[in-house]
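What follows is a set of notes on a single structure, which appears directly below.
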Amino acid sequence: MTFYFIKTWLLIILFSILISGGLLYRFFEIQDETKSFWLVILSNLSFFFSLRFVLFLSISSITIFLNNYELIRRNKFYSLATFCLIPFMTLICFMAGDLSVKEFNSDILLSGWNFLAMLVVPHLIISLIAYLFFRKMLKNRKID
């Protein structure tokens, strides 16, 4: 069963980085020729720091290995928490931090949440799909 979780974990990392990387690439408009040299450097740095955050978020999904324990594997809520709790709590913490700003500007808030969605939501969706696939395989007794 550990081999199954290693494959799942690596697939979560790979797809999360690829999807978020593609979305961030379009968001930062890396190939825009109208930008000045310094703006291109700043965009590239922002892109790589954002992608690094996605990598760290993906690596933190190592909690799926807790499903090797019978108690966690049999409880659907605990099992779901091992797959999705870290990205979900990251999303909630960033959103709560944005709402606690004294000056409320909806345009800035929406653009910040758009950027946050590109970082966290693909990982959350991929983790949820991996969880549903795991529960289906567990139900069919293909992994034990």
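Here, A, B, ... name the chains of the structure tokens in the order displayed, residue numbers run from 1 inside each chain, and ligands are numbered from 1 in the same displayed order.
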task = Would you list the contacts of range 71-77 of chain A as a list in words, taking every protein, DNA or RNA residue within 12 Å and counting only C-alpha atoms, but skipping same-chain residues closer than 4 positions in sequence?
result =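 Counting only the stated atoms, we get Met1, Thr63, Ile64, Phe65, Leu66, Asn67, Ala81, Thr82, Phe83, Cys84, Leu85, Tyr131, Leu132, Phe134, Arg135, Lys136, Met137, Leu138, Lys139, Ile143 and Asp144 of chain A.
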note = One residue among A:Ser16, A:Thr34, A:Ser60, A:Thr8 is nearest to Ile125 in chain A when using only C-alpha atoms, and that residue is A:Ser16
request  = Show which residues sit within 7 Å of Pro122 in chain A, as number ranges by chain. Count only C-alpha atoms, and ignore same-chain residues fewer than 3 positions away.
outcome  = A: 16, 19-20, 118-119, 125-126
Hey, can you spit out that residue selection with N, CA and C atoms as a CSV table (one decimal), in the first residue's frame?
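This went into result-v8.csv:
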chain,number,residue,atom,x,y,z
A,16,SER,N,-0.1,19.2,-9.7
A,16,SER,CA,-0.3,20.5,-9.1
A,16,SER,C,0.7,21.6,-9.6
A,19,ILE,N,-0.3,22.4,-13.5
A,19,ILE,CA,-1.5,23.2,-13.6
A,19,ILE,C,-1.3,24.6,-13.1
A,20,SER,N,-0.8,24.7,-11.9
A,20,SER,CA,-0.5,26.0,-11.3
A,20,SER,C,0.5,26.8,-12.0
A,118,MET,N,-5.1,30.4,-8.1
A,118,MET,CA,-4.1,29.8,-9.0
A,118,MET,C,-3.1,29.0,-8.2
A,119,LEU,N,-2.8,29.4,-7.0
A,119,LEU,CA,-1.8,28.7,-6.2
A,119,LEU,C,-2.4,27.4,-5.5
A,125,ILE,N,-8.1,20.6,-5.7
A,125,ILE,CA,-9.0,19.7,-6.6
A,125,ILE,C,-8.3,18.4,-6.9
A,126,ILE,N,-7.0,18.5,-7.1
A,126,ILE,CA,-6.2,17.2,-7.4
A,126,ILE,C,-6.2,16.3,-6.2
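CA of Ser58 in chain A sits 25.5 Å away from CA of Lys142 in chain A.
Restricting the calculation to only C-alpha atoms, the smallest distance between Leu55 in chain A and any of A:Ser43, A:Leu14, A:Phe37, A:Met89 is found for A:Leu14.
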task = Figure out the distance between CA of Gly21 in chain A and CA of Ile62 in chain A, please, to one decimal in Å.
result =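 Separating CA of Ile62 in chain A from CA of Gly21 in chain A is a distance of 20.4 Å.
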key: Secondary structure check, helix (DSSP H, G or I) residues of chain A, as a ChimeraX atom specification   = /A:2-28,37-68,70-74,76-99,106-139
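For the atom pair formed by CA of Ser79 in chain A and CA of Ile129 in chain A, the distance is 12.9 Å, given to one decimal.
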